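Quick look at start.cif (mmCIF, C-alpha atoms):
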data_target
#
loop_
_atom_site.group_PDB
_atom_site.id
_atom_site.type_symbol
_atom_site.label_atom_id
_atom_site.label_comp_id
_atom_site.auth_asym_id
_atom_site.auth_seq_id
_atom_site.Cartn_x
_atom_site.Cartn_y
_atom_site.Cartn_z
ATOM 1 C CA MET Z 1263 164.814 236.194 119.214
ATOM 2 C CA ALA Z 1264 166.330 235.700 115.817
ATOM 3 C CA VAL Z 1265 168.418 232.560 115.309
ATOM 4 C CA LYS Z 1266 171.740 233.209 113.646
ATOM 5 C CA SER Z 1267 172.186 231.193 110.494
ATOM 6 C CA ARG Z 1268 175.339 229.252 109.840
ATOM 7 C CA PRO Z 1269 177.784 231.038 107.489
ATOM 8 C CA LYS Z 1270 177.137 230.048 103.915
ATOM 9 C CA SER Z 1271 180.852 229.688 103.256
ATOM 10 C CA ASP Z 1272 181.110 226.545 105.420
ATOM 11 C CA ALA Z 1273 179.704 224.111 102.848
ATOM 12 C CA PRO Z 1274 181.677 225.455 99.864
ATOM 13 C CA ASP Z 1275 184.841 225.452 102.005
ATOM 14 C CA ALA Z 1276 184.269 221.821 103.001
ATOM 15 C CA SER Z 1277 183.650 220.832 99.403
ATOM 16 C CA ASP Z 1278 186.819 222.648 98.325
ATOM 17 C CA ARG Z 1279 188.909 220.878 100.958
ATOM 18 C CA VAL Z 1280 187.569 217.480 99.893
ATOM 19 C CA SER Z 1281 188.415 218.330 96.271
ATOM 20 C CA ARG Z 1282 191.926 219.426 97.236
ATOM 21 C CA ILE Z 1283 192.545 216.157 99.075
ATOM 22 C CA ARG Z 1284 191.214 214.093 96.165
ATOM 23 C CA GLU Z 1285 193.277 216.033 93.628
ATOM 24 C CA GLY Z 1286 196.417 215.879 95.783
ATOM 25 C CA VAL Z 1287 196.224 212.118 96.288
ATOM 26 C CA THR Z 1288 195.384 211.509 92.620
ATOM 27 C CA ALA Z 1289 198.272 213.709 91.432
ATOM 28 C CA ALA Z 1290 200.691 211.859 93.712
ATOM 29 C CA ILE Z 1291 199.497 208.560 92.245
ATOM 30 C CA LEU Z 1292 199.797 209.844 88.663
ATOM 31 C CA GLU Z 1293 203.372 210.950 89.338
ATOM 32 C CA HIS Z 1294 204.187 207.649 91.082
ATOM 33 C CA ARG Z 1295 204.999 209.458 94.334
ATOM 34 C CA LEU Z 1296 202.411 207.344 96.148
ATOM 35 C CA LEU Z 1297 203.053 203.655 95.650
ATOM 36 C CA PRO Z 1298 200.427 200.901 95.577
ATOM 37 C CA GLY Z 1299 199.752 199.641 99.082
ATOM 38 C CA THR Z 1300 200.769 202.905 100.795
ATOM 39 C CA LYS Z 1301 198.693 203.569 103.919
ATOM 40 C CA LEU Z 1302 196.748 206.828 103.793
ATOM 41 C CA GLY Z 1303 196.433 207.902 107.411
ATOM 42 C CA GLU Z 1304 193.420 210.128 108.034
ATOM 43 C CA ASP Z 1305 195.124 212.174 110.769
ATOM 44 C CA GLU Z 1306 198.251 212.792 108.705
ATOM 45 C CA ILE Z 1307 196.296 213.805 105.613
ATOM 46 C CA GLY Z 1308 194.114 216.050 107.767
ATOM 47 C CA GLU Z 1309 197.208 217.862 109.080
ATOM 48 C CA ILE Z 1310 198.602 218.288 105.573
ATOM 49 C CA TYR Z 1311 195.404 219.814 104.196
ATOM 50 C CA GLY Z 1312 194.076 221.437 107.358
ATOM 51 C CA ALA Z 1313 190.951 219.299 107.181
ATOM 52 C CA SER Z 1314 188.910 217.336 109.697
ATOM 53 C CA ARG Z 1315 188.885 213.545 109.723
ATOM 54 C CA THR Z 1316 185.326 213.685 108.413
ATOM 55 C CA LEU Z 1317 186.419 215.577 105.288
ATOM 56 C CA VAL Z 1318 189.443 213.338 104.798
ATOM 57 C CA ARG Z 1319 187.237 210.254 105.124
ATOM 58 C CA THR Z 1320 184.820 211.690 102.550
ATOM 59 C CA ALA Z 1321 187.656 212.268 100.071
ATOM 60 C CA LEU Z 1322 189.072 208.773 100.612
ATOM 61 C CA GLN Z 1323 185.638 207.197 100.200
ATOM 62 C CA GLN Z 1324 185.228 209.021 96.873
ATOM 63 C CA LEU Z 1325 188.625 207.751 95.730
ATOM 64 C CA ALA Z 1326 187.667 204.258 96.851
ATOM 65 C CA HIS Z 1327 184.515 204.497 94.739
ATOM 66 C CA GLU Z 1328 186.779 205.275 91.763
ATOM 67 C CA GLY Z 1329 188.965 202.245 92.484
ATOM 68 C CA ILE Z 1330 192.053 204.310 93.317
ATOM 69 C CA VAL Z 1331 191.980 203.638 97.064
ATOM 70 C CA ASN Z 1332 191.061 200.544 99.070
ATOM 71 C CA ILE Z 1333 189.398 200.956 102.467
ATOM 72 C CA GLU Z 1334 189.844 197.966 104.746
ATOM 73 C CA LYS Z 1335 187.762 197.472 107.873
ATOM 74 C CA ASN Z 1336 189.707 198.181 111.077
ATOM 75 C CA ARG Z 1337 192.849 198.920 109.056
ATOM 76 C CA GLY Z 1338 192.154 202.130 107.172
ATOM 77 C CA ALA Z 1339 192.740 203.352 103.619
ATOM 78 C CA PHE Z 1340 195.507 202.265 101.273
ATOM 79 C CA VAL Z 1341 196.529 203.118 97.718
ATOM 80 C CA ALA Z 1342 194.968 200.364 95.610
ATOM 81 C CA ARG Z 1343 197.001 197.447 94.255
ATOM 82 C CA PRO Z 1344 195.290 196.487 90.986
ATOM 83 C CA THR Z 1345 195.598 192.861 89.912
ATOM 84 C CA PRO Z 1346 196.544 191.712 86.397
ATOM 85 C CA ALA Z 1347 192.828 191.050 85.801
ATOM 86 C CA ASP Z 1348 192.045 194.634 86.881
ATOM 87 C CA ALA Z 1349 194.691 195.867 84.442
ATOM 88 C CA ARG Z 1350 193.168 194.014 81.519
ATOM 89 C CA GLU Z 1351 189.714 195.391 82.350
ATOM 90 C CA VAL Z 1352 191.034 198.960 82.576
ATOM 91 C CA PHE Z 1353 192.683 198.790 79.159
ATOM 92 C CA GLU Z 1354 189.648 197.091 77.667
ATOM 93 C CA ALA Z 1355 187.551 200.015 78.920
ATOM 94 C CA ARG Z 1356 190.019 202.540 77.540
ATOM 95 C CA ARG Z 1357 189.951 200.856 74.134
ATOM 96 C CA LEU Z 1358 186.174 201.176 74.140
ATOM 97 C CA ILE Z 1359 185.937 204.881 74.939
ATOM 98 C CA GLU Z 1360 189.129 206.566 73.722
ATOM 99 C CA PRO Z 1361 188.596 205.939 69.989
ATOM 100 C CA THR Z 1362 185.176 207.574 70.377
ATOM 101 C CA ILE Z 1363 186.807 210.430 72.291
ATOM 102 C CA VAL Z 1364 189.144 211.121 69.359
ATOM 103 C CA ASP Z 1365 186.113 211.056 67.041
ATOM 104 C CA HIS Z 1366 184.661 213.961 69.025
ATOM 105 C CA ALA Z 1367 188.077 215.637 69.167
ATOM 106 C CA VAL Z 1368 188.241 215.599 65.364
ATOM 107 C CA ASP Z 1369 184.834 217.292 65.281
ATOM 108 C CA ALA Z 1370 186.139 219.977 67.656
ATOM 109 C CA VAL Z 1371 189.462 220.594 65.907
ATOM 110 C CA SER Z 1372 190.590 224.230 65.782
ATOM 111 C CA PRO Z 1373 193.889 226.136 65.610
ATOM 112 C CA ALA Z 1374 193.591 226.927 69.323
ATOM 113 C CA TRP Z 1375 193.179 223.283 70.315
ATOM 114 C CA ILE Z 1376 195.974 222.103 68.035
ATOM 115 C CA GLY Z 1377 198.177 224.765 69.591
ATOM 116 C CA ARG Z 1378 197.415 223.433 73.073
ATOM 117 C CA LEU Z 1379 198.173 219.875 72.011
ATOM 118 C CA GLN Z 1380 201.432 220.890 70.333
ATOM 119 C CA ARG Z 1381 202.553 222.808 73.422
ATOM 120 C CA HIS Z 1382 201.769 219.758 75.517
ATOM 121 C CA LEU Z 1383 203.835 217.537 73.214
ATOM 122 C CA ALA Z 1384 206.745 219.979 73.609
ATOM 123 C CA GLU Z 1385 206.461 219.671 77.409
ATOM 124 C CA GLU Z 1386 206.518 215.877 77.118
ATOM 125 C CA ARG Z 1387 209.649 215.966 74.964
ATOM 126 C CA GLU Z 1388 211.406 218.337 77.372
ATOM 127 C CA ALA Z 1389 210.612 216.090 80.338
ATOM 128 C CA GLU Z 1390 211.870 213.070 78.399
ATOM 129 C CA LEU Z 1391 215.117 214.830 77.416
ATOM 130 C CA ARG Z 1392 215.918 215.869 80.979
ATOM 131 C CA GLY Z 1393 215.111 212.394 82.266
ATOM 132 C CA ASP Z 1394 212.291 213.573 84.530
ATOM 133 C CA ALA Z 1395 210.371 210.303 84.938
ATOM 134 C CA ARG Z 1396 207.728 211.714 87.291
ATOM 135 C CA ALA Z 1397 206.900 214.601 84.979
ATOM 136 C CA SER Z 1398 206.797 212.219 82.004
ATOM 137 C CA VAL Z 1399 204.265 209.975 83.729
ATOM 138 C CA ARG Z 1400 202.084 212.926 84.748
ATOM 139 C CA LEU Z 1401 202.232 214.522 81.302
ATOM 140 C CA SER Z 1402 201.420 211.220 79.594
ATOM 141 C CA GLY Z 1403 198.190 210.943 81.530
ATOM 142 C CA ASN Z 1404 197.450 214.612 80.983
ATOM 143 C CA PHE Z 1405 197.730 214.150 77.217
ATOM 144 C CA HIS Z 1406 194.859 211.682 77.171
ATOM 145 C CA ARG Z 1407 192.840 213.910 79.475
ATOM 146 C CA LEU Z 1408 193.519 216.926 77.231
ATOM 147 C CA VAL Z 1409 192.208 215.070 74.170
ATOM 148 C CA ALA Z 1410 189.103 214.155 76.193
ATOM 149 C CA GLU Z 1411 188.636 217.807 77.180
ATOM 150 C CA MET Z 1412 188.954 218.759 73.520
ATOM 151 C CA SER Z 1413 186.202 216.271 72.685
ATOM 152 C CA GLY Z 1414 183.763 218.254 74.821
ATOM 153 C CA HIS Z 1415 182.187 215.035 76.135
ATOM 154 C CA SER Z 1416 181.982 215.508 79.909
ATOM 155 C CA ILE Z 1417 180.825 211.957 80.666
ATOM 156 C CA TYR Z 1418 183.712 210.356 78.804
ATOM 157 C CA LEU Z 1419 186.095 212.839 80.430
ATOM 158 C CA GLY Z 1420 184.905 211.776 83.877
ATOM 159 C CA PHE Z 1421 185.314 208.095 83.052
ATOM 160 C CA LEU Z 1422 188.748 208.651 81.564
ATOM 161 C CA LYS Z 1423 190.090 210.577 84.563
ATOM 162 C CA GLU Z 1424 189.349 207.542 86.716
ATOM 163 C CA LEU Z 1425 190.846 205.133 84.177
ATOM 164 C CA ILE Z 1426 194.012 207.228 83.861
ATOM 165 C CA ALA Z 1427 194.564 207.153 87.620
ATOM 166 C CA ARG Z 1428 194.037 203.383 87.656
ATOM 167 C CA SER Z 1429 196.366 203.017 84.659
ATOM 168 C CA SER Z 1430 199.105 204.867 86.519
ATOM 169 C CA LEU Z 1431 198.963 202.355 89.366
ATOM 170 C CA ILE Z 1432 198.943 199.489 86.874
ATOM 171 C CA ILE Z 1433 201.947 200.854 84.984
ATOM 172 C CA LEU Z 1434 203.832 201.346 88.245
ATOM 173 C CA LEU Z 1435 203.208 197.746 89.287
ATOM 174 C CA TYR Z 1436 203.575 195.904 85.998
ATOM 175 C CA ARG Z 1437 205.661 197.946 83.548
ATOM 176 C CA ARG Z 1438 208.840 196.324 82.331
ATOM 177 C CA HIS Z 1439 211.623 198.607 83.520
ATOM 178 C CA ASP Z 1440 213.282 198.884 80.105
ATOM 179 C CA THR Z 1441 210.232 200.369 78.361
ATOM 180 C CA PRO Z 1442 208.711 203.871 78.416
ATOM 181 C CA ALA Z 1443 205.291 204.277 80.009
ATOM 182 C CA CYS Z 1444 203.712 206.185 77.130
ATOM 183 C CA GLY Z 1445 205.645 207.179 74.025
ATOM 184 C CA THR Z 1446 205.659 210.824 72.898
ATOM 185 C CA ASP Z 1447 205.929 209.663 69.277
ATOM 186 C CA HIS Z 1448 202.574 207.894 69.643
ATOM 187 C CA HIS Z 1449 201.005 211.051 71.024
ATOM 188 C CA ALA Z 1450 202.428 213.072 68.153
ATOM 189 C CA GLY Z 1451 200.872 210.635 65.680
ATOM 190 C CA ILE Z 1452 197.472 211.010 67.324
ATOM 191 C CA VAL Z 1453 197.724 214.815 67.222
ATOM 192 C CA SER Z 1454 198.756 214.722 63.569
ATOM 193 C CA ALA Z 1455 195.720 212.615 62.650
ATOM 194 C CA ILE Z 1456 193.385 214.901 64.621
ATOM 195 C CA ARG Z 1457 194.886 217.987 62.973
ATOM 196 C CA LYS Z 1458 194.273 216.460 59.523
ATOM 197 C CA CYS Z 1459 190.707 215.551 60.571
ATOM 198 C CA ASP Z 1460 191.530 211.962 59.618
ATOM 199 C CA ARG Z 1461 189.046 210.197 61.849
ATOM 200 C CA GLU Z 1462 190.032 206.661 60.822
ATOM 201 C CA ALA Z 1463 193.743 207.302 61.357
ATOM 202 C CA ALA Z 1464 193.118 208.991 64.721
ATOM 203 C CA ARG Z 1465 191.097 206.016 65.966
ATOM 204 C CA ALA Z 1466 193.701 203.554 64.667
ATOM 205 C CA GLN Z 1467 196.556 205.507 66.253
ATOM 206 C CA MET Z 1468 194.793 205.608 69.619
ATOM 207 C CA LEU Z 1469 193.980 201.886 69.570
ATOM 208 C CA SER Z 1470 197.522 200.989 68.548
ATOM 209 C CA HIS Z 1471 198.895 203.211 71.296
ATOM 210 C CA LEU Z 1472 196.740 201.644 74.025
ATOM 211 C CA ASN Z 1473 197.512 198.137 72.778
ATOM 212 C CA GLU Z 1474 201.231 198.859 72.918
ATOM 213 C CA ILE Z 1475 201.058 200.225 76.461
ATOM 214 C CA GLU Z 1476 199.276 197.071 77.629
ATOM 215 C CA ALA Z 1477 201.650 194.817 75.698
ATOM 216 C CA GLU Z 1478 204.602 196.378 77.532
ATOM 217 C CA LEU Z 1479 203.141 195.360 80.895
ATOM 218 C CA PHE Z 1480 204.136 192.126 82.615
ATOM 219 C CA LEU Z 1481 200.609 191.160 83.635
ATOM 220 C CA LYS Z 1482 201.426 188.311 85.913
ATOM 221 C CA ASP Z 1483 200.590 188.039 89.595
ATOM 222 C CA PRO Z 1484 203.895 188.349 91.551
ATOM 223 C CA ALA Z 1485 202.557 185.822 94.052
ATOM 224 C CA ALA Z 1486 202.805 183.111 91.376
ATOM 225 C CA ASP Z 1487 206.567 183.624 91.129
ATOM 226 C CA GLU Z 1488 206.927 183.505 94.904
ATOM 227 C CA LEU Z 1489 205.118 180.175 95.057
ATOM 228 C CA ARG Z 1490 207.321 178.645 92.364
ATOM 229 C CA LEU Z 1491 210.461 179.961 94.030
ATOM 230 C CA ALA Z 1492 209.400 178.348 97.309
ATOM 231 C CA ASP Z 1493 208.849 175.066 95.481
ATOM 232 C CA VAL Z 1494 212.269 175.217 93.834
ATOM 233 C CA LEU Z 1495 214.129 176.061 97.027
ATOM 234 C CA GLY Z 1496 212.222 173.364 98.865
ATOM 235 C CA VAL Z 1497 213.480 170.751 96.401
#

Could you take the file, read its structure, and then write that structure out as structure tokens?
Amino acid sequence: MAVKSRPKSDAPDASDRVSRIREGVTAAILEHRLLPGTKLGEDEIGEIYGASRTLVRTALQQLAHEGIVNIEKNRGAFVARPTPADAREVFEARRLIEPTIVDHAVDAVSPAWIGRLQRHLAEEREAELRGDARASVRLSGNFHRLVAEMSGHSIYLGFLKELIARSSLIILLYRRHDTPACGTDHHAGIVSAIRKCDREAARAQMLSHLNEIEAELFLKDPAADELRLADVLGV
């Protein structure tokens, strides 16, 4: 008697559902719709995506491996809360790889790619003009990812996707409220240097941009302020 084989579509479908969960959670983090510390209930996520707890757990474990989610024993999964030290490490890593990414982007420059970058800049400006903060945050991260895609370096692109997601959490926690997350003028300067194939200027623009983003963060552990406040009130 012949044994019926399992449908081949099962595995691809499972993989697709895991990817959808990962992408959905990451997008919500990038747009600051999911705040640091938010609990990510397996059952609730499973209902949203029509996925089993096993698939949800797989997606959350992958996000935890990327540092975007924390999984705590007997408590579940939570959106990560990066520390000031984590923030400094993330921006140090970005300063190491993104200048090299723009080097490769300069090598890959073409009218088609410049057109894509210019259209993206127009989207950023439109979001800024209409005061759409969520879209601005998402588009800011997408700009850096687009430059990495242009570079054609898949390894750097993979690293950068993770760093962008971590950066979004960091910006949400530590950005001074009177400063933009990622200036469109800076992005325009980077595109201009790439278009002119000015490798040195492109690297300098990217480094300056990343330095300015980090400088606008208040990288201080909030717990330190709470302790001092307790001391003052106690006196």

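Counting all atoms listed in the file, the residue from Z:Ala1313, Z:Leu1292, Z:Ile1359, Z:Tyr1418 that sits nearest to Asp1275 in chain Z is Z:Ala1313.
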
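From CA of Glu1360 in chain Z back to CA of Ser1454 in chain Z, the distance works out to 16.2 Å.
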
List the neighbours of range 1393-1397 of chain Z out to 6 Å using all atoms listed in the file; skip same-chain residues closer than 4 positions along the sequence, and give me the result as a VMD selection string.
chain Z and resid 1293 1389 1401

Selection above as a file: C-alpha atoms, as a tab-separated table (two decimals), in the frame of the given file:
chain	number	residue	atom	x	y	z
Z	1293	GLU	CA	203.37	210.95	89.34
Z	1389	ALA	CA	210.61	216.09	80.34
Z	1401	LEU	CA	202.23	214.52	81.30

Tell me, as a list in words, which residues lie within 10 Å of Ala1450 in chain Z, counting only C-alpha atoms; anything in the same chain fewer than 6 positions away does not count.
Leu1379, Gln1380, His1382, Leu1383, Ala1384, Ile1456 and Gln1467 of chain Z

Of the candidates Z:Glu1411, Z:Ala1455, Z:Trp1375, Z:Leu1425, which one gets nearest to Arg1356 in chain Z if we count only C-alpha atoms?
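The closest residue to Arg1356 in chain Z is Z:Leu1425.
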
Can you list, as a short mmCIF file (atom, residue, chain, number, x, y, z; two decimals) with C-alpha atoms, in the coordinates of the input, every protein, DNA or RNA residue that comes within 10 Å of Arg1457 in chain Z when you count all atoms listed in the file, leaving out same-chain residues fewer than 5 positions away?
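The resulting file, part-v9.cif, is reproduced below:
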data_model
loop_
_atom_site.label_atom_id
_atom_site.label_comp_id
_atom_site.auth_asym_id
_atom_site.auth_seq_id
_atom_site.Cartn_x
_atom_site.Cartn_y
_atom_site.Cartn_z
CA ALA Z 1367 188.08 215.64 69.17
CA VAL Z 1368 188.24 215.60 65.36
CA VAL Z 1371 189.46 220.59 65.91
CA SER Z 1372 190.59 224.23 65.78
CA PRO Z 1373 193.89 226.14 65.61
CA TRP Z 1375 193.18 223.28 70.32
CA ILE Z 1376 195.97 222.10 68.04
CA LEU Z 1379 198.17 219.88 72.01
CA GLY Z 1451 200.87 210.64 65.68
CA ILE Z 1452 197.47 211.01 67.32
CA ALA Z 1464 193.12 208.99 64.72
#
